[in-house]
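Enquirer: First, the structure itself, so that you have it in front of you.
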Amino acid sequence: MEARWPRLVVFDLDYTLWPLWVDTHVDPPLKRTRHINQVVDRGGQPLSFYDPVPEILFQLRQNNVKIGAASRTQAPSVAKQALAGLMIMPPASQEPPVSALSLFDYMEIYPGSKVAHFRRLAQLSEIPFHDMLFFDDEHRNAEVESKLGVKFVLVGTQGLDRATFDRGIRAWRERSAP
């Protein structure tokens, strides 16, 4: 029997997918560099995904899972600029790099409650909350689980890693088992 996947996996951005706050740690505009998975700001400050993130995004895509972003940043345009500029390599090495932005199906990136973000995600995607999984670095955002039924996974201080991702998928499957 094939393992089940959530229909939508949503990620916070700052300190979940990359190691900084885009509204305070970078000075736009952001530019691509010659390096895969890196952009730099006006002063040369680099921004990259945590190492496991590109592989995780492609794994979700390969399993037909929709991908979303839910961020309460005060700089939504900078966050979107980062996602557009971060080029990542597909698992098959003969394929050209793709913009990380192209892997995201839904983006709720603006100041406000994560509960509001998820209500909007459910409306846009027509995916019920129980078929969603959410990774975030802030425990206060666990309210999406208690208020809406979205499975919440707290990432550690080093952002999203493979062990946390796998633990989140297992927890979602256990909760969703018939």
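Each chain in the structure tokens gets a letter, A, B and so on, in the order shown; residues start at 1 in every chain, and ligands are counted from 1 in the order they appear.
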Can you tell me which residues surround Pro76 (chain A) at a distance of at most 10 Å, considering only C-alpha atoms, apart from same-chain residues fewer than 6 positions away, and format the answer as a CSV table (one decimal) with N, CA and C atoms, in the first residue's frame?
Expert:
chain,number,residue,atom,x,y,z
A,22,VAL,N,13.3,38.4,6.6
A,22,VAL,CA,13.5,39.2,5.4
A,22,VAL,C,13.1,40.7,5.6
A,23,ASP,N,12.3,40.9,6.7
A,23,ASP,CA,11.9,42.3,6.9
A,23,ASP,C,12.9,43.1,7.8
A,82,ALA,N,12.8,36.9,-2.8
A,82,ALA,CA,13.8,35.9,-2.4
A,82,ALA,C,13.4,34.5,-3.1
A,107,MET,N,0.5,31.2,-1.8
A,107,MET,CA,1.3,32.1,-1.0
A,107,MET,C,0.4,33.1,-0.3
A,108,GLU,N,0.4,33.0,1.1
A,108,GLU,CA,-0.2,34.0,1.9
A,108,GLU,C,0.9,34.6,2.7
A,109,ILE,N,1.4,35.7,2.2
A,109,ILE,CA,2.6,36.4,2.7
A,109,ILE,C,2.2,37.8,3.0
A,110,TYR,N,1.8,38.1,4.2
A,110,TYR,CA,1.5,39.5,4.6
A,110,TYR,C,1.3,39.4,6.2
A,111,PRO,N,1.4,40.6,6.8
A,111,PRO,CA,1.2,40.6,8.2
A,111,PRO,C,-0.2,40.2,8.6
Enquirer: So that I can see what lies close to Pro29 (chain A), please list as a short mmCIF file (atom, residue, chain, number, x, y, z; two decimals) with all heavy atoms, in the first residue's frame the residues with an atom at most 8 Å from it, counting only C-alpha atoms and leaving out residues fewer than 4 positions away in the same chain.
Expert:
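Contents of the output file part22.cif:
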data_model
loop_
_atom_site.label_atom_id
_atom_site.label_comp_id
_atom_site.auth_asym_id
_atom_site.auth_seq_id
_atom_site.Cartn_x
_atom_site.Cartn_y
_atom_site.Cartn_z
N ASP A 41 21.58 40.62 -0.91
CA ASP A 41 20.91 41.91 -0.85
C ASP A 41 21.84 43.02 -1.33
O ASP A 41 22.97 42.76 -1.77
CB ASP A 41 20.34 42.17 0.55
CG ASP A 41 21.39 42.53 1.58
OD1 ASP A 41 22.61 42.52 1.29
OD2 ASP A 41 20.99 42.82 2.73
N ARG A 42 21.39 44.26 -1.21
CA ARG A 42 22.14 45.42 -1.68
C ARG A 42 23.55 45.49 -1.08
O ARG A 42 24.50 45.86 -1.74
CB ARG A 42 21.36 46.68 -1.32
CG ARG A 42 21.99 47.98 -1.72
CD ARG A 42 21.25 49.19 -1.18
NE ARG A 42 19.82 49.01 -1.12
CZ ARG A 42 18.95 49.61 -1.92
NH1 ARG A 42 19.36 50.43 -2.85
NH2 ARG A 42 17.65 49.41 -1.79
N VAL A 78 9.69 41.47 -0.52
CA VAL A 78 11.06 40.97 -0.39
C VAL A 78 11.05 39.45 -0.27
O VAL A 78 11.88 38.76 -0.88
CB VAL A 78 11.79 41.62 0.81
CG1 VAL A 78 13.21 41.09 0.94
CG2 VAL A 78 11.80 43.14 0.65
#
Enquirer: Name the closest residue to Gly168 (chain A) among the candidates A:Gly149, A:Ser77, A:Leu133, A:Leu20; distances are taken between atoms, counting only C-alpha atoms.
Expert: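 Nearest to Gly168 (chain A): A:Leu133.
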Enquirer: Of the candidates A:Asp14, A:Asp161, A:Glu126, A:Glu174, which one gets nearest to Leu83 (chain A) if we count only C-alpha atoms?
Expert: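 Ranked by minimum distance to Leu83 (chain A), first place goes to A:Asp14.
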Enquirer: Counting only C-alpha atoms, which residue out of A:Arg32, A:Arg4, A:Val144, A:Pro178 sits closest to Phe129 (chain A)?
Expert: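 Looking only at the distances to Phe129 (chain A), the closest residue turns out to be A:Val144.
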Enquirer: Determine, counting only C-alpha atoms, which protein, DNA and RNA residues have an atom within 8 Å of an atom of Ala70 (chain A); residues of the same chain fewer than 4 positions away are not included. Present the result as JSON, numbers by chain.
Expert: {"A": [10, 11, 12, 13, 107, 108, 109, 114, 117, 118]}
Enquirer: Find the distance between CA of Ala177 (chain A) and CA of Asn141 (chain A) and write it in Å to one decimal.
Expert: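 Answer for the CA of Ala177 (chain A) to CA of Asn141 (chain A) separation: 24.3 Å.
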Enquirer: Mind checking which residues fall within 12 Å of Ala122 (chain A), counting only C-alpha atoms, ignoring those fewer than 2 positions away in the same chain, and posting them as a list in words?
Expert: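 With the cut-off at 12 Å, the set is Arg7, Leu8, Val9, Val10, Lys66, Gly68, Tyr106, Met107, Glu108, Val115, Ala116, His117, Phe118, Arg119, Arg120, Leu124, Ser125, Glu126, Ile127, Pro128, Phe129, His130, Asp131, Met132, Leu148, Gly149 and Val150 of chain A.
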Enquirer: Restricting the calculation to only C-alpha atoms, which member of A:Phe134, A:Phe58, A:Trp172, A:Tyr50 is positioned closest to Trp18 (chain A)?
Expert: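 Checking each of A:Phe134, A:Phe58, A:Trp172, A:Tyr50 against Trp18 (chain A), counting only C-alpha atoms, the winner is A:Tyr50.
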Enquirer: Go ahead and compute the interatomic distance for CA of Gln158 (chain A) and CA of Leu47 (chain A), in Å to one decimal.
Expert: 14.6 Å
Enquirer: Pick out each residue of chain A that DSSP on the backbone tags as helix (DSSP H, G or I); I need them as a PyMOL selection string.
Expert: chain A and resi 53-62+76-85+100-103+114-125+129-131+139-148+162-176
Enquirer: Quick one: DSSP strand (DSSP E or B) residues in chain A, as a ChimeraX atom specification?
Expert: /A:8-11,14,18,31-32,39-40,46-47,66-71,87-88,98-99,106-109,132-136,151-154,156,159
Enquirer: If I take CA of Pro19 (chain A) and CA of Ala79 (chain A), how far is one from the other in Å, to one decimal?
Expert: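 Result for CA of Pro19 (chain A) versus CA of Ala79 (chain A): 12.6 Å, one decimal.
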Enquirer: Pick out the closest residue to Pro46 (chain A) from this set: A:His25, A:His139, A:Arg162, A:Lys147. Count only C-alpha atoms.
Expert: A:His25
